[in-house]
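Below is the file coords.pdb, which contains PDB, C-alpha atoms and all ligand atoms.
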```pdb
MODEL        1
ATOM      1  CA  MET R   1     -48.153  17.534 -82.623
ATOM      2  CA  PHE R   2     -46.266  15.311 -84.983
ATOM      3  CA  VAL R   3     -46.300  16.948 -88.423
ATOM      4  CA  GLU R   4     -45.837  14.463 -91.278
ATOM      5  CA  GLU R   5     -46.080  16.904 -94.150
ATOM      6  CA  VAL R   6     -46.949  20.518 -94.930
ATOM      7  CA  GLU R   7     -48.505  22.110 -97.989
ATOM      8  CA  THR R   8     -47.558  25.699 -98.710
ATOM      9  CA  ALA R   9     -49.383  28.377-100.692
ATOM     10  CA  GLY R  10     -48.143  29.620-104.076
ATOM     11  CA  SER R  11     -47.784  28.361-107.605
ATOM     12  CA  GLN R  12     -44.513  26.541-107.037
ATOM     13  CA  PRO R  13     -44.673  22.817-106.308
ATOM     14  CA  THR R  14     -44.543  22.254-102.555
ATOM     15  CA  PRO R  15     -41.130  21.092-101.408
ATOM     16  CA  ARG R  16     -41.431  18.168 -99.029
ATOM     17  CA  VAL R  17     -41.114  19.508 -95.496
ATOM     18  CA  GLY R  18     -41.267  17.270 -92.463
ATOM     19  CA  PRO R  19     -41.730  15.112 -90.592
ATOM     20  CA  PHE R  20     -41.059  17.029 -87.407
ATOM     21  CA  MET R  21     -42.510  17.572 -83.960
ATOM     22  CA  ILE R  22     -43.973  20.900 -82.890
ATOM     23  CA  SER R  23     -44.131  21.311 -79.152
ATOM     24  CA  SER R  24     -44.830  24.958 -78.339
ATOM     25  CA  SER R  25     -47.491  27.547 -79.084
ATOM     26  CA  HIS R  26     -44.708  29.724 -80.470
ATOM     27  CA  GLU R  27     -44.042  27.171 -83.214
ATOM     28  CA  VAL R  28     -47.738  26.955 -83.998
ATOM     29  CA  ALA R  29     -47.918  30.756 -84.252
ATOM     30  CA  ARG R  30     -44.890  30.808 -86.542
ATOM     31  CA  MET R  31     -46.503  28.272 -88.818
ATOM     32  CA  MET R  32     -49.790  30.195 -88.856
ATOM     33  CA  ASN R  33     -47.890  33.303 -89.963
ATOM     34  CA  SER R  34     -46.004  31.485 -92.707
ATOM     35  CA  ASN R  35     -47.323  30.442 -96.087
ATOM     36  CA  VAL R  36     -48.252  26.980 -94.817
ATOM     37  CA  MET R  37     -51.765  26.116 -95.989
ATOM     38  CA  THR R  38     -52.302  22.671 -94.522
ATOM     39  CA  VAL R  39     -50.440  20.151 -92.430
ATOM     40  CA  VAL R  40     -50.792  16.387 -92.159
ATOM     41  CA  ILE R  41     -50.342  15.173 -88.595
ATOM     42  CA  ASP R  42     -49.768  11.687 -87.213
ATOM     43  CA  VAL R  43     -51.958  11.219 -84.128
ATOM     44  CA  GLN R  44     -50.118   8.003 -83.257
ATOM     45  CA  LYS R  45     -46.927   9.955 -82.692
ATOM     46  CA  GLY R  46     -48.399  13.144 -81.231
ATOM     47  CA  VAL R  47     -51.633  14.753 -80.032
ATOM     48  CA  ASP R  48     -54.748  15.251 -82.156
ATOM     49  CA  VAL R  49     -56.538  18.502 -83.087
ATOM     50  CA  GLY R  50     -58.344  19.949 -80.095
ATOM     51  CA  GLN R  51     -56.394  17.791 -77.699
ATOM     52  CA  VAL R  52     -54.750  20.688 -75.906
ATOM     53  CA  GLN R  53     -52.084  19.751 -73.462
ATOM     54  CA  SER R  54     -52.638  21.676 -70.267
ATOM     55  CA  PRO R  55     -49.560  23.322 -68.782
ATOM     56  CA  ARG R  56     -48.062  21.185 -66.080
ATOM     57  CA  PRO R  57     -48.349  22.785 -62.653
ATOM     58  CA  PHE R  58     -45.119  23.554 -60.860
ATOM     59  CA  ASN R  59     -43.956  20.740 -58.651
ATOM     60  CA  ARG R  60     -41.215  21.598 -56.169
ATOM     61  CA  ARG R  61     -40.302  17.964 -55.553
ATOM     62  CA  GLU R  62     -39.869  17.357 -59.299
ATOM     63  CA  PHE R  63     -37.773  20.508 -59.612
ATOM     64  CA  ASP R  64     -35.477  19.354 -56.786
ATOM     65  CA  ALA R  65     -35.272  15.808 -58.162
ATOM     66  CA  HIS R  66     -34.320  17.142 -61.613
ATOM     67  CA  LEU R  67     -31.601  19.269 -60.007
ATOM     68  CA  LEU R  68     -30.192  16.251 -58.198
ATOM     69  CA  GLU R  69     -30.046  14.298 -61.463
ATOM     70  CA  LYS R  70     -27.847  16.988 -62.958
ATOM     71  CA  ALA R  71     -25.658  18.064 -60.043
ATOM     72  CA  THR R  72     -24.399  16.579 -56.807
ATOM     73  CA  ALA R  73     -25.966  17.580 -53.481
ATOM     74  CA  ARG R  74     -22.632  19.252 -52.646
ATOM     75  CA  ASP R  75     -22.701  21.395 -55.812
ATOM     76  CA  ILE R  76     -26.307  22.387 -55.165
ATOM     77  CA  GLU R  77     -25.446  23.332 -51.594
ATOM     78  CA  ARG R  78     -22.502  25.425 -52.819
ATOM     79  CA  ALA R  79     -24.716  27.134 -55.392
ATOM     80  CA  LYS R  80     -27.258  27.990 -52.693
ATOM     81  CA  ARG R  81     -24.488  29.365 -50.495
ATOM     82  CA  CYS R  82     -23.211  31.529 -53.379
ATOM     83  CA  ILE R  83     -26.725  32.914 -53.885
ATOM     84  CA  ALA R  84     -27.064  33.674 -50.165
ATOM     85  CA  ASP R  85     -23.573  35.257 -50.048
ATOM     86  CA  THR R  86     -24.116  37.499 -53.051
ATOM     87  CA  LYS R  87     -27.663  38.516 -52.088
ATOM     88  CA  PRO R  88     -26.732  41.453 -49.793
ATOM     89  CA  HIS R  89     -24.310  42.829 -52.392
ATOM     90  CA  ILE R  90     -26.789  42.599 -55.259
ATOM     91  CA  ARG R  91     -29.494  44.134 -53.066
ATOM     92  CA  GLU R  92     -27.102  46.997 -52.340
ATOM     93  CA  ILE R  93     -26.520  47.546 -56.072
ATOM     94  CA  LEU R  94     -30.270  47.595 -56.787
ATOM     95  CA  LEU R  95     -31.096  49.859 -53.835
ATOM     96  CA  GLU R  96     -28.236  52.280 -54.494
ATOM     97  CA  ALA R  97     -29.511  52.711 -58.053
ATOM     98  CA  ARG R  98     -33.112  53.123 -56.931
ATOM     99  CA  ILE R  99     -32.533  55.480 -54.018
ATOM    100  CA  LYS R 100     -29.430  57.426 -54.981
ATOM    101  CA  GLY R 101     -29.310  56.931 -58.745
ATOM    102  CA  ALA R 102     -25.764  55.653 -58.269
ATOM    103  CA  PHE R 103     -23.848  52.516 -59.203
ATOM    104  CA  ALA R 104     -22.401  50.544 -56.270
ATOM    105  CA  ALA R 105     -19.301  49.396 -58.140
ATOM    106  CA  ARG R 106     -17.581  47.829 -55.121
ATOM    107  CA  ALA R 107     -20.619  45.693 -54.297
ATOM    108  CA  ALA R 108     -20.757  44.603 -57.953
ATOM    109  CA  THR R 109     -17.093  43.571 -57.901
ATOM    110  CA  THR R 110     -17.573  41.590 -54.680
ATOM    111  CA  ALA R 111     -20.665  39.821 -56.002
ATOM    112  CA  VAL R 112     -19.066  38.968 -59.351
ATOM    113  CA  GLU R 113     -15.930  37.598 -57.663
ATOM    114  CA  LYS R 114     -18.146  35.216 -55.673
ATOM    115  CA  ILE R 115     -20.143  34.225 -58.769
ATOM    116  CA  MET R 116     -16.906  33.618 -60.706
ATOM    117  CA  VAL R 117     -15.655  31.205 -58.033
ATOM    118  CA  SER R 118     -18.972  29.388 -57.880
ATOM    119  CA  ALA R 119     -19.251  29.219 -61.688
ATOM    120  CA  MET R 120     -15.777  27.693 -61.820
ATOM    121  CA  ASP R 121     -16.997  24.813 -59.593
ATOM    122  CA  ASN R 122     -20.239  24.114 -61.380
ATOM    123  CA  ALA R 123     -21.809  26.923 -63.394
ATOM    124  CA  GLY R 124     -24.717  24.711 -64.422
ATOM    125  CA  ALA R 125     -25.725  24.038 -60.810
ATOM    126  CA  LEU R 126     -25.637  27.754 -59.939
ATOM    127  CA  ILE R 127     -27.703  28.726 -62.988
ATOM    128  CA  ALA R 128     -30.122  25.848 -62.371
ATOM    129  CA  VAL R 129     -30.673  26.750 -58.702
ATOM    130  CA  ALA R 130     -31.230  30.425 -59.641
ATOM    131  CA  LYS R 131     -33.905  29.391 -62.167
ATOM    132  CA  LEU R 132     -36.605  29.105 -59.528
ATOM    133  CA  LYS R 133     -37.777  32.604 -58.659
ATOM    134  CA  GLU R 134     -40.339  33.640 -56.098
ATOM    135  CA  ARG R 135     -42.112  36.917 -56.864
ATOM    136  CA  ASP R 136     -39.815  39.211 -54.855
ATOM    137  CA  GLU R 137     -36.626  37.478 -55.992
ATOM    138  CA  THR R 138     -37.051  37.836 -59.735
ATOM    139  CA  THR R 139     -34.803  40.862 -60.281
ATOM    140  CA  PHE R 140     -32.077  39.716 -57.907
ATOM    141  CA  LEU R 141     -31.909  36.144 -59.239
ATOM    142  CA  HIS R 142     -32.218  37.179 -62.907
ATOM    143  CA  SER R 143     -29.258  39.545 -62.461
ATOM    144  CA  LEU R 144     -27.244  36.836 -60.732
ATOM    145  CA  ALA R 145     -28.101  34.151 -63.294
ATOM    146  CA  VAL R 146     -27.343  36.362 -66.327
ATOM    147  CA  SER R 147     -24.027  37.229 -64.685
ATOM    148  CA  ALA R 148     -23.242  33.521 -64.163
ATOM    149  CA  LEU R 149     -24.242  32.753 -67.766
ATOM    150  CA  MET R 150     -22.025  35.537 -69.110
ATOM    151  CA  ILE R 151     -19.107  34.285 -66.995
ATOM    152  CA  ALA R 152     -19.532  30.656 -68.077
ATOM    153  CA  PHE R 153     -20.089  31.581 -71.745
ATOM    154  CA  GLY R 154     -17.134  33.997 -71.729
ATOM    155  CA  ARG R 155     -14.862  31.306 -70.287
ATOM    156  CA  SER R 156     -16.097  28.714 -72.780
ATOM    157  CA  LEU R 157     -15.154  31.149 -75.575
ATOM    158  CA  GLY R 158     -11.641  31.345 -74.146
ATOM    159  CA  HIS R 159     -11.693  34.933 -72.856
ATOM    160  CA  ALA R 160      -9.175  36.084 -70.244
ATOM    161  CA  GLU R 161     -10.399  36.219 -66.628
ATOM    162  CA  ASP R 162     -10.246  40.038 -66.549
ATOM    163  CA  ASP R 163     -12.612  40.192 -69.496
ATOM    164  CA  VAL R 164     -14.786  37.470 -67.980
ATOM    165  CA  HIS R 165     -15.030  39.604 -64.838
ATOM    166  CA  LEU R 166     -16.350  42.542 -66.889
ATOM    167  CA  LEU R 167     -18.823  40.242 -68.646
ATOM    168  CA  GLY R 168     -19.989  39.166 -65.170
ATOM    169  CA  ILE R 169     -20.427  42.790 -64.059
ATOM    170  CA  GLY R 170     -22.292  43.592 -67.266
ATOM    171  CA  GLY R 171     -24.592  40.618 -66.780
ATOM    172  CA  LEU R 172     -25.247  41.645 -63.203
ATOM    173  CA  VAL R 173     -26.176  45.245 -64.029
ATOM    174  CA  HIS R 174     -27.568  44.986 -67.569
ATOM    175  CA  ASP R 175     -31.070  45.953 -66.350
ATOM    176  CA  LEU R 176     -29.957  48.410 -63.652
ATOM    177  CA  GLY R 177     -31.721  51.211 -65.529
ATOM    178  CA  LYS R 178     -35.035  49.576 -64.614
ATOM    179  CA  MET R 179     -34.402  50.527 -60.990
ATOM    180  CA  VAL R 180     -34.901  54.211 -61.787
ATOM    181  CA  LEU R 181     -38.164  53.737 -63.687
ATOM    182  CA  PRO R 182     -41.447  54.691 -61.943
ATOM    183  CA  THR R 183     -42.469  52.111 -59.314
ATOM    184  CA  ALA R 184     -46.024  52.013 -60.673
ATOM    185  CA  ILE R 185     -44.750  50.632 -63.970
ATOM    186  CA  LEU R 186     -42.238  48.236 -62.442
ATOM    187  CA  THR R 187     -44.764  46.686 -60.085
ATOM    188  CA  LYS R 188     -47.735  46.662 -62.453
ATOM    189  CA  SER R 189     -49.004  43.115 -62.717
ATOM    190  CA  GLY R 190     -51.182  43.491 -65.816
ATOM    191  CA  LYS R 191     -50.225  44.195 -69.386
ATOM    192  CA  LEU R 192     -48.362  47.480 -69.971
ATOM    193  CA  THR R 193     -49.894  50.179 -72.181
ATOM    194  CA  ALA R 194     -47.960  51.380 -75.229
ATOM    195  CA  ASP R 195     -46.893  54.508 -73.306
ATOM    196  CA  GLU R 196     -45.717  52.460 -70.329
ATOM    197  CA  MET R 197     -43.825  50.156 -72.661
ATOM    198  CA  ASN R 198     -42.066  53.194 -74.110
ATOM    199  CA  VAL R 199     -40.955  54.171 -70.617
ATOM    200  CA  VAL R 200     -39.595  50.657 -70.004
ATOM    201  CA  ARG R 201     -37.690  50.924 -73.268
ATOM    202  CA  HIS R 202     -35.681  53.753 -71.724
ATOM    203  CA  HIS R 203     -34.002  51.362 -69.270
ATOM    204  CA  PRO R 204     -30.890  50.669 -71.409
ATOM    205  CA  GLN R 205     -30.174  54.413 -71.649
ATOM    206  CA  ARG R 206     -30.877  54.930 -67.925
ATOM    207  CA  GLY R 207     -28.576  52.032 -66.987
ATOM    208  CA  PHE R 208     -25.860  53.456 -69.238
ATOM    209  CA  GLU R 209     -26.195  56.838 -67.487
ATOM    210  CA  LEU R 210     -25.969  55.237 -64.031
ATOM    211  CA  VAL R 211     -22.761  53.367 -64.845
ATOM    212  CA  SER R 212     -21.340  56.433 -66.675
ATOM    213  CA  ARG R 213     -21.223  58.302 -63.371
ATOM    214  CA  LEU R 214     -18.272  56.135 -62.275
ATOM    215  CA  ASN R 215     -14.805  57.628 -62.602
ATOM    216  CA  ASN R 216     -13.588  55.169 -65.187
ATOM    217  CA  PRO R 217     -16.619  53.217 -66.325
ATOM    218  CA  PRO R 218     -15.582  50.041 -68.190
ATOM    219  CA  GLN R 219     -16.642  50.310 -71.836
ATOM    220  CA  GLN R 220     -17.845  46.678 -71.891
ATOM    221  CA  VAL R 221     -20.258  47.295 -69.024
ATOM    222  CA  LEU R 222     -21.573  50.503 -70.646
ATOM    223  CA  ASP R 223     -22.072  48.618 -73.929
ATOM    224  CA  ILE R 224     -23.959  45.777 -72.226
ATOM    225  CA  CYS R 225     -26.272  48.220 -70.438
ATOM    226  CA  LEU R 226     -26.983  50.308 -73.522
ATOM    227  CA  TYR R 227     -27.174  47.683 -76.263
ATOM    228  CA  HIS R 228     -28.487  44.435 -74.749
ATOM    229  CA  HIS R 229     -31.888  44.926 -76.457
ATOM    230  CA  GLU R 230     -30.486  45.614 -79.908
ATOM    231  CA  LYS R 231     -31.208  42.928 -82.488
ATOM    232  CA  PHE R 232     -28.858  41.674 -85.179
ATOM    233  CA  ASP R 233     -31.178  42.822 -88.002
ATOM    234  CA  GLY R 234     -31.474  46.363 -86.593
ATOM    235  CA  SER R 235     -35.016  45.985 -85.247
ATOM    236  CA  GLY R 236     -34.051  46.322 -81.589
ATOM    237  CA  TYR R 237     -33.786  49.355 -79.314
ATOM    238  CA  PRO R 238     -32.705  51.955 -78.236
ATOM    239  CA  ARG R 239     -30.575  52.791 -81.300
ATOM    240  CA  GLY R 240     -31.693  50.223 -83.876
ATOM    241  CA  ILE R 241     -28.078  49.443 -84.787
ATOM    242  CA  GLN R 242     -27.395  46.157 -86.530
ATOM    243  CA  GLY R 243     -24.885  43.349 -87.094
ATOM    244  CA  THR R 244     -21.402  43.955 -85.826
ATOM    245  CA  GLU R 245     -22.259  47.607 -85.127
ATOM    246  CA  ILE R 246     -23.700  46.104 -81.945
ATOM    247  CA  PRO R 247     -20.757  45.661 -79.579
ATOM    248  CA  TYR R 248     -19.686  42.041 -79.190
ATOM    249  CA  VAL R 249     -20.329  41.990 -75.427
ATOM    250  CA  ALA R 250     -23.899  43.234 -75.973
ATOM    251  CA  ARG R 251     -24.530  40.464 -78.535
ATOM    252  CA  LEU R 252     -23.365  37.979 -75.873
ATOM    253  CA  ALA R 253     -25.612  39.611 -73.282
ATOM    254  CA  ALA R 254     -28.688  39.477 -75.539
ATOM    255  CA  ILE R 255     -28.343  35.692 -75.788
ATOM    256  CA  CYS R 256     -27.773  35.156 -72.048
ATOM    257  CA  ASP R 257     -30.570  37.582 -71.059
ATOM    258  CA  VAL R 258     -33.222  35.996 -73.294
ATOM    259  CA  TYR R 259     -32.176  32.422 -72.468
ATOM    260  CA  GLU R 260     -32.389  33.158 -68.730
ATOM    261  CA  ALA R 261     -35.745  34.905 -69.032
ATOM    262  CA  LEU R 262     -37.243  32.035 -71.049
ATOM    263  CA  THR R 263     -36.032  29.248 -68.768
ATOM    264  CA  THR R 264     -36.925  30.972 -65.499
ATOM    265  CA  VAL R 265     -39.181  28.832 -63.318
ATOM    266  CA  ARG R 266     -41.924  30.617 -61.429
ATOM    267  CA  PRO R 267     -44.110  28.695 -59.000
ATOM    268  CA  TYR R 268     -47.213  30.205 -60.623
ATOM    269  CA  LYS R 269     -46.271  29.896 -64.278
ATOM    270  CA  ARG R 270     -45.191  27.116 -66.609
ATOM    271  CA  ALA R 271     -41.507  27.311 -67.478
ATOM    272  CA  TRP R 272     -40.037  26.683 -70.875
ATOM    273  CA  SER R 273     -37.789  23.688 -71.106
ATOM    274  CA  GLN R 274     -34.226  24.217 -72.248
ATOM    275  CA  ALA R 275     -35.087  22.629 -75.618
ATOM    276  CA  GLU R 276     -38.089  24.936 -76.098
ATOM    277  CA  ALA R 277     -36.026  28.001 -75.222
ATOM    278  CA  ILE R 278     -33.202  27.088 -77.590
ATOM    279  CA  ASN R 279     -35.681  26.134 -80.312
ATOM    280  CA  MET R 280     -37.424  29.489 -79.957
ATOM    281  CA  MET R 281     -34.131  31.396 -80.035
ATOM    282  CA  MET R 282     -32.840  29.463 -83.060
ATOM    283  CA  ASN R 283     -36.137  30.238 -84.787
ATOM    284  CA  SER R 284     -36.040  33.978 -84.147
ATOM    285  CA  PRO R 285     -34.388  35.137 -87.365
ATOM    286  CA  GLY R 286     -32.674  38.480 -87.073
ATOM    287  CA  HIS R 287     -32.667  38.630 -83.299
ATOM    288  CA  PHE R 288     -29.289  37.175 -82.367
ATOM    289  CA  ASP R 289     -25.800  36.913 -83.790
ATOM    290  CA  THR R 290     -26.164  33.422 -85.284
ATOM    291  CA  ASN R 291     -22.471  32.553 -84.909
ATOM    292  CA  LEU R 292     -22.569  33.420 -81.231
ATOM    293  CA  LEU R 293     -25.877  31.623 -80.738
ATOM    294  CA  SER R 294     -24.414  28.481 -82.344
ATOM    295  CA  ALA R 295     -21.434  28.772 -80.018
ATOM    296  CA  PHE R 296     -23.815  29.137 -77.054
ATOM    297  CA  VAL R 297     -25.711  26.006 -78.104
ATOM    298  CA  SER R 298     -22.579  23.911 -78.626
ATOM    299  CA  LYS R 299     -20.490  25.164 -75.701
ATOM    300  CA  MET R 300     -23.196  25.683 -73.108
ATOM    301  CA  VAL R 301     -26.087  23.387 -74.024
ATOM    302  CA  ILE R 302     -24.895  20.377 -76.050
ATOM    303  CA  ASN R 303     -21.832  19.869 -73.861
ATOM    304  CA  GLY R 304     -24.075  19.742 -70.796
ATOM    305  CA  THR R 305     -22.919  22.899 -68.992
ATOM    306  CA  LEU R 306     -26.540  24.046 -68.678
ATOM    307  CA  HIS R 307     -29.289  21.737 -67.472
TER     308      HIS R 307
HETATM  309 FE    FE D   1     -33.157  44.785 -70.323
ENDMDL
END
```

As structure tokens, what does this structure read like?
Amino acid sequence: MFVEEVETAGSQPTPRVGPFMISSSHEVARMMNSNVMTVVIDVQKGVDVGQVQSPRPFNRREFDAHLLEKATARDIERAKRCIADTKPHIREILLEARIKGAFAARAATTAVEKIMVSAMDNAGALIAVAKLKERDETTFLHSLAVSALMIAFGRSLGHAEDDVHLLGIGGLVHDLGKMVLPTAILTKSGKLTADEMNVVRHHPQRGFELVSRLNNPPQQVLDICLYHHEKFDGSGYPRGIQGTEIPYVARLAAICDVYEALTTVRPYKRAWSQAEAINMMMNSPGHFDTNLLSAFVSKMVINGTLH
């Protein structure tokens, strides 16, 4: 909807707000929860009340055509090869955690080295190809894509390659703790109960414990596992720490993790566009480190790294 003007509640005169376009149900919900009383909309520039836009069904041909607009066929082919090459290693990491409660560090290093090479060529193509997830590929491709995002973001911030490598490992294994949660919860298709949600909220601690069993676990990887669900205002979990108490690498991971989850394309579900995802993240006060989020938007989105 195209909002021309809003009227807010309260005794103060209403400051003029607008015009602006609202394009997601999240923005509508935010407005409903604010002190906005009424809005004036322009039906020439947007939809009318009751004119609900139905989610567009997934179209594989459109997805492929969009990819080809943004990357060359060669880059897409390379990205697909990287995904195929890393798949056995990432599977090994996930299985090792699930079956033995161990962290397959060598497999992680091999996978991240491959992702680092591919991300050097065209990180955007790799992340774009990994967006489309079939049901059984979600965990594997999310891990790979968050790793690629961490690598590309870390490089864009000027970090040394050794540090970028650790960011890549952290991105790859940030959710490893989920592998040791009960299968019934992990595979449940419906909404989780409050108790089940509490169990899921243990995954940062469980991931931290898995990686801790290494001889010399890298601190950055431990921090990413344990703190990637902390929020800048202290409302996250598991510790509820805030601001710069949250390790820098975990603040990076929170941005990459949420961005990847929001922009994931599933054949059975409408995906968020990049603009919607960024808009939602920019309008989530207290969640992210705003300086880092601004850097992510300028160095990864505006400059065209991500599509
Ligand atoms: Fe997580």

*When the cut-off is 8 Å and you count only C-alpha atoms and all ligand atoms, which residues lie near ligand FE 1 (chain D), shown as a ChimeraX atom specification?*
/R:174-175,178,203-204,225,228-229,257

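For the pair atom CA of R:Phe2 and atom CA of R:Glu276, the interatomic distance is 15.4 Å.
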
Evaluate the PyMOL selection byres (((chain R and resi 252) around 12) and not hetatm) and record the selected residues as a tab-separated table (two decimals) with C-alpha atoms, keeping the file's coordinate frame, following the chain and residue labels used in the document.
```tsv
chain	number	residue	atom	x	y	z
R	146	VAL	CA	-27.34	36.36	-66.33
R	147	SER	CA	-24.03	37.23	-64.68
R	149	LEU	CA	-24.24	32.75	-67.77
R	150	MET	CA	-22.02	35.54	-69.11
R	151	ILE	CA	-19.11	34.28	-67.00
R	152	ALA	CA	-19.53	30.66	-68.08
R	153	PHE	CA	-20.09	31.58	-71.74
R	154	GLY	CA	-17.13	34.00	-71.73
R	157	LEU	CA	-15.15	31.15	-75.58
R	164	VAL	CA	-14.79	37.47	-67.98
R	167	LEU	CA	-18.82	40.24	-68.65
R	168	GLY	CA	-19.99	39.17	-65.17
R	170	GLY	CA	-22.29	43.59	-67.27
R	171	GLY	CA	-24.59	40.62	-66.78
R	174	HIS	CA	-27.57	44.99	-67.57
R	220	GLN	CA	-17.84	46.68	-71.89
R	221	VAL	CA	-20.26	47.30	-69.02
R	223	ASP	CA	-22.07	48.62	-73.93
R	224	ILE	CA	-23.96	45.78	-72.23
R	225	CYS	CA	-26.27	48.22	-70.44
R	227	TYR	CA	-27.17	47.68	-76.26
R	228	HIS	CA	-28.49	44.44	-74.75
R	229	HIS	CA	-31.89	44.93	-76.46
R	230	GLU	CA	-30.49	45.61	-79.91
R	231	LYS	CA	-31.21	42.93	-82.49
R	232	PHE	CA	-28.86	41.67	-85.18
R	244	THR	CA	-21.40	43.96	-85.83
R	246	ILE	CA	-23.70	46.10	-81.94
R	247	PRO	CA	-20.76	45.66	-79.58
R	248	TYR	CA	-19.69	42.04	-79.19
R	249	VAL	CA	-20.33	41.99	-75.43
R	250	ALA	CA	-23.90	43.23	-75.97
R	251	ARG	CA	-24.53	40.46	-78.54
R	253	ALA	CA	-25.61	39.61	-73.28
R	254	ALA	CA	-28.69	39.48	-75.54
R	255	ILE	CA	-28.34	35.69	-75.79
R	256	CYS	CA	-27.77	35.16	-72.05
R	257	ASP	CA	-30.57	37.58	-71.06
R	258	VAL	CA	-33.22	36.00	-73.29
R	259	TYR	CA	-32.18	32.42	-72.47
R	287	HIS	CA	-32.67	38.63	-83.30
R	288	PHE	CA	-29.29	37.17	-82.37
R	289	ASP	CA	-25.80	36.91	-83.79
R	290	THR	CA	-26.16	33.42	-85.28
R	291	ASN	CA	-22.47	32.55	-84.91
R	292	LEU	CA	-22.57	33.42	-81.23
R	293	LEU	CA	-25.88	31.62	-80.74
R	294	SER	CA	-24.41	28.48	-82.34
R	295	ALA	CA	-21.43	28.77	-80.02
R	296	PHE	CA	-23.82	29.14	-77.05
```

*Calculate how many Å separate atom CA of R:Pro238 from atom CA of R:Leu172, rounding to one decimal.*
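A separation of 19.7 Å between them.
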
*Decode the PyMOL selection byres (((chain R and resi 124-135) around 6) and not hetatm) for the given file into explicit residues and return them as a PyMOL selection string.*
chain R and resi 76+79+122-123+136-138+141+145+264-266+305-306

*asked:* Calculated over all atoms listed in the file, which of the candidates R:Leu262, R:Asp75, R:Asn198, R:Ala107 has the smallest distance to R:Leu95?
replied: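 So, comparing all the options, the nearest one is R:Ala107.
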